[in-house]
Structures are given as structure tokens and as C-alpha cells.
file input38.txt (compact mmCIF, C-alpha atoms)
# COMPACT_ATOMS: atom_id res chain seq x y z
CA MET V 1 -113.29 99.19 -153.42
CA ALA V 2 -114.98 98.36 -156.73
CA GLN V 3 -114.04 95.14 -158.43
CA ARG V 4 -112.37 95.44 -161.83
CA PRO V 5 -114.10 93.79 -164.77
CA ARG V 6 -112.55 90.57 -166.09
CA LEU V 7 -111.35 90.40 -169.65
CA ASP V 8 -113.30 87.95 -171.82
CA LEU V 9 -110.91 87.04 -174.63
CA ARG V 10 -113.53 85.26 -176.76
CA ARG V 11 -115.80 88.27 -176.68
CA LEU V 12 -112.84 90.57 -177.36
CA ALA V 13 -111.93 88.61 -180.49
CA ARG V 14 -115.57 88.61 -181.66
CA ASP V 15 -116.01 92.34 -181.06
CA ALA V 16 -112.71 93.21 -182.75
CA ASP V 17 -113.67 91.08 -185.76
CA ALA V 18 -116.99 92.91 -186.06
CA ALA V 19 -115.37 96.36 -185.91
CA SER V 20 -114.74 98.09 -189.22
CA GLY V 21 -111.13 97.77 -190.27
CA GLY V 22 -110.67 94.92 -187.84
CA ARG V 23 -108.56 92.87 -190.24
CA ARG V 24 -105.49 93.96 -192.13
CA GLU V 25 -105.39 93.34 -195.83
CA ALA V 26 -102.81 90.92 -197.13
CA LEU V 27 -100.29 93.27 -198.67
CA ALA V 28 -97.43 92.61 -201.02
CA PRO V 29 -94.04 94.25 -200.46
CA GLY V 30 -94.25 98.01 -200.72
CA GLY V 31 -97.80 98.07 -199.32
CA ARG V 32 -99.46 97.04 -202.58
CA PRO V 33 -102.51 94.79 -202.39
CA ALA V 34 -101.65 91.10 -202.88
CA THR V 35 -103.37 89.55 -205.89
CA GLY V 36 -102.03 86.01 -205.65
CA LEU V 37 -100.19 86.24 -208.95
CA MET V 38 -96.74 85.97 -207.35
CA GLU V 39 -97.79 82.88 -205.41
CA ALA V 40 -99.32 81.31 -208.52
CA VAL V 41 -96.14 81.96 -210.51
CA ARG V 42 -93.97 80.62 -207.67
CA ALA V 43 -96.00 77.41 -207.44
CA ASN V 44 -96.15 76.85 -211.21
CA LEU V 45 -92.88 78.32 -212.46
CA ASP V 46 -91.72 75.14 -214.18
CA ALA V 47 -95.03 74.78 -216.05
CA LEU V 48 -94.96 78.42 -217.18
CA LEU V 49 -91.38 78.04 -218.41
CA ALA V 50 -92.35 74.86 -220.24
CA LEU V 51 -95.22 76.69 -221.97
CA GLN V 52 -92.85 79.42 -223.10
CA ALA V 53 -90.28 76.85 -224.26
CA GLY V 54 -93.09 75.12 -226.17
CA GLY V 55 -93.51 78.20 -228.38
CA LEU V 56 -96.03 80.42 -226.55
CA THR V 57 -95.12 84.05 -226.01
CA TRP V 58 -95.13 85.66 -222.58
CA ASP V 59 -97.93 87.95 -223.79
CA ALA V 60 -100.10 84.93 -224.66
CA ILE V 61 -99.42 83.31 -221.28
CA ALA V 62 -100.18 86.62 -219.52
CA THR V 63 -103.47 86.94 -221.41
CA ALA V 64 -104.40 83.40 -220.34
CA LEU V 65 -103.62 84.22 -216.71
CA THR V 66 -105.77 87.35 -216.93
CA ALA V 67 -108.61 85.24 -218.35
CA GLN V 68 -108.37 83.06 -215.23
CA GLY V 69 -108.81 86.10 -212.97
CA PHE V 70 -105.25 87.15 -212.16
CA THR V 71 -104.55 90.90 -212.34
CA THR V 72 -101.89 93.37 -211.30
CA ALA V 73 -102.09 95.05 -207.90
CA GLN V 74 -103.92 97.97 -209.54
CA GLY V 75 -106.51 95.60 -211.08
CA GLN V 76 -105.12 95.92 -214.61
CA PRO V 77 -104.71 92.94 -216.96
CA ILE V 78 -101.32 91.22 -216.82
CA THR V 79 -98.90 91.96 -219.66
CA GLY V 80 -95.98 89.88 -220.83
CA ARG V 81 -93.63 92.41 -219.30
CA ASN V 82 -95.40 92.13 -215.90
CA LEU V 83 -95.16 88.36 -216.08
CA THR V 84 -91.45 88.27 -216.93
CA GLY V 85 -90.78 90.72 -214.08
CA ILE V 86 -92.59 88.47 -211.63
CA ILE V 87 -90.73 85.41 -212.94
CA SER V 88 -87.42 87.24 -212.46
CA SER V 89 -88.42 88.17 -208.91
CA VAL V 90 -89.33 84.57 -208.11
CA ARG V 91 -85.97 83.37 -209.48
CA ARG V 92 -84.08 85.97 -207.41
CA GLN V 93 -86.00 85.02 -204.28
CA THR V 94 -85.31 81.32 -204.86
CA ALA V 95 -81.58 81.96 -205.36
CA ALA V 96 -81.41 84.17 -202.27
CA ARG V 97 -83.28 81.57 -200.20
CA ALA V 98 -80.88 78.83 -201.38
CA ALA V 99 -77.87 81.01 -200.50
CA ARG V 100 -79.29 81.71 -197.02
CA MET V 101 -79.94 78.02 -196.41
CA ALA V 102 -76.40 77.10 -197.56
CA ALA V 103 -74.91 79.72 -195.24
CA ARG V 104 -77.10 78.47 -192.42
CA ALA V 105 -76.09 74.85 -192.98
CA ALA V 106 -72.41 75.84 -192.96
CA ARG V 107 -72.63 77.51 -189.55
CA PRO V 108 -70.63 75.53 -187.00
CA ASP V 109 -72.97 76.37 -184.11
CA ARG V 110 -76.09 75.02 -185.77
CA PRO V 111 -75.80 71.46 -187.05
CA GLU V 112 -78.09 70.40 -189.84
CA PHE V 113 -77.89 66.64 -189.75
CA SER V 114 -79.37 66.16 -193.22
CA GLN V 115 -76.72 68.34 -194.89
CA ARG V 116 -73.61 67.53 -192.85
CA PRO V 117 -71.41 64.48 -193.30
CA ALA V 118 -72.37 61.66 -191.00
CA GLU V 119 -70.31 61.26 -187.85
CA PRO V 120 -68.80 57.85 -187.15
CA ALA V 121 -71.17 55.65 -185.20
CA ARG V 122 -70.47 55.32 -181.49
CA PRO V 123 -70.82 52.00 -179.70
CA ALA V 124 -73.97 51.53 -177.64
CA PHE V 125 -71.89 51.64 -174.44
CA ALA V 126 -69.03 54.09 -174.62
CA PRO V 127 -66.50 53.76 -171.78
CA SER V 128 -66.03 56.90 -169.77
CA ARG V 129 -62.87 58.90 -170.36
CA LEU V 130 -60.56 59.70 -167.51
CA ALA V 131 -59.11 63.05 -166.63
CA PRO V 132 -55.54 63.55 -167.90
CA GLU V 133 -54.06 63.61 -164.39
CA LEU V 134 -55.61 60.22 -163.63
CA LEU V 135 -54.16 58.74 -166.80
CA HIS V 136 -50.59 59.69 -165.76
CA GLU V 137 -51.06 58.32 -162.26
CA ARG V 138 -52.60 55.15 -163.62
CA ALA V 139 -49.65 54.56 -165.92
CA ALA V 140 -47.20 55.05 -163.03
CA GLU V 141 -49.12 52.71 -160.68
CA ALA V 142 -49.62 49.87 -163.18
CA PRO V 143 -47.15 46.97 -162.92
CA ALA V 144 -44.56 46.82 -165.71
CA GLY V 145 -45.89 43.71 -167.44
CA GLU V 146 -49.59 44.48 -167.10
CA ASP V 147 -51.29 45.90 -170.21
CA ALA V 148 -54.88 45.58 -169.02
CA PRO V 149 -56.43 48.95 -168.17
CA LEU V 150 -57.64 49.51 -164.64
CA SER V 151 -61.35 49.63 -164.07
CA GLU V 152 -63.01 52.72 -162.72
CA THR V 153 -63.52 50.99 -159.37
CA GLU V 154 -59.82 50.18 -159.11
CA ILE V 155 -58.90 53.78 -159.93
CA ARG V 156 -61.24 55.03 -157.20
CA ARG V 157 -59.74 52.57 -154.70
CA LEU V 158 -56.19 53.66 -155.59
CA GLN V 159 -57.13 57.33 -155.20
CA ALA V 160 -58.80 56.61 -151.84
CA GLU V 161 -55.66 54.81 -150.62
CA LYS V 162 -53.50 57.70 -151.83
CA HIS V 163 -55.55 60.21 -149.80
CA ALA V 164 -56.26 57.93 -146.84
CA THR V 165 -54.46 60.26 -144.46
CA LEU V 166 -57.03 62.94 -145.16
CA PHE V 167 -59.87 60.59 -144.20
CA LYS V 168 -58.50 59.57 -140.75
CA LYS V 169 -60.18 61.02 -137.70
CA ASP V 170 -58.09 62.62 -135.00

call {"tool": "encode", "arguments": {"input": "input38.txt", "output": "C-alpha cells"}}
result
Amino acid sequence: MAQRPRLDLRRLARDADAASGGRREALAPGGRPATGLMEAVRANLDALLALQAGGLTWDAIATALTAQGFTTAQGQPITGRNLTGIISSVRRQTAARAARMAARAARPDRPEFSQRPAEPARPAFAPSRLAPELLHERAAEAPAGEDAPLSETEIRRLQAEKHATLFKKD
């Protein structure tokens, strides 16, 4: 029987990279080519808003962005209307992301320690808790004037004495 060829992953990656159409283009939503304008606006939104608040028009800011090489997905120069649309999209995305994170932090099954109130600190050595049935038996077996709790060893000894008949050999 003929031996099957082994798959060489490094060669596969190299050959696939060399093939035409080997890489997908980075596309914006809707399958449009990504130009980087949305990312630039997202990263510099406060500065763009400050420029507009300083007296520049959105058309002037759009012209300056076009001069720096930013274009629409179709390769056209950016207009003020394009820019305000992108800014609105970035604001909507930011608000939606904040709402998702708030809903996520409020979920009871997924604690976010940075956003939840701090729990009270536990001592370094926390005593073990007893089962409810042992607590009732312990209260009944304790002498009337004794307030000191029984140790775990004493509780085990008392339980062993209580069930001693089960441990006897015939």
C-alpha cells in the first residue's frame, strides 16, 4: 500500500500566500473596502470635536482629512456630510458598546470585580462550617453551662461513639 504524503504546514501557508486572491481584503460593514477613516475618527474624535468647537466647519475639517490621504470607500474626497455621518456612527457604536458592557457587568453569573462592590474581607483562616444536623446534635450534647464550641475532632469523636455499634465486629 502506498504511503500518503505528509502535510507541510509551512509550505502550505507559503503557497497559499503566493496564490492570487490568497488574502481577503479588509472590508467595512456592507462589504465596502475599508479606508481607515472610521478608525481615524474613532481614535481622534475628541480632537475633531474640539476643532469644530473652535470655529472650523465640518467641510474644512473634511478637506483637511482628504489632503492627508483619507477618502471614502469609493475613493472620493470626504465631504462634511460624510464626516458628520461617520462621527454619528462612532458615537452610536460607543454608546452601544457601553450599554453592552453595563449589561454584562450586571449579569449575576459573571462577576466583574472592578465594577462590583467589594465583598467583605474574609479572615486568612476561615473555620469550617458544620452541617445543620451536626449543629443540632452538638447543641443537645453540650453541657448546660458550657459556651465554648466543640472542635471538629470532638464532634468526630462524639459521632463515632454514637455509631459505635455499627463498627463492632460479630

call {"tool": "atom_distance", "arguments": {"input": "input38.txt", "atom1": "CA of Ala103 in chain V", "atom2": "CA of Arg42 in chain V"}}
result
22.8 Å

call {"tool": "residues_around", "arguments": {"input": "input38.txt", "residues": "Pro77 in chain V", "least_positions_apart": "6", "cutoff": "9 Å", "atoms": "all atoms listed in the file", "output": "ChimeraX atom specification"}}
result
/V:62-63,65-67,69-71

call {"tool": "residues_around", "arguments": {"input": "input38.txt", "residues": "Ile87 in chain V", "least_positions_apart": "2", "cutoff": "10 Å", "atoms": "all atoms listed in the file", "output": "PyMOL selection string"}}
result
chain V and resi 38+41-42+45+48-49+81-85+89-93

call {"tool": "atom_distance", "arguments": {"input": "input38.txt", "atom1": "CA of Ala96 in chain V", "atom2": "CA of Asp46 in chain V"}}
result
18.2 Å

call {"tool": "atom_distance", "arguments": {"input": "input38.txt", "atom1": "CA of Ala64 in chain V", "atom2": "CA of Ser88 in chain V"}}
result
19.1 Å

call {"tool": "closest_residue", "arguments": {"input": "input38.txt", "among": "V:Ala16, V:Gly80, V:Thr94, V:Leu166", "to": "Gln52 in chain V", "atoms": "all atoms listed in the file"}}
result
V:Gly80
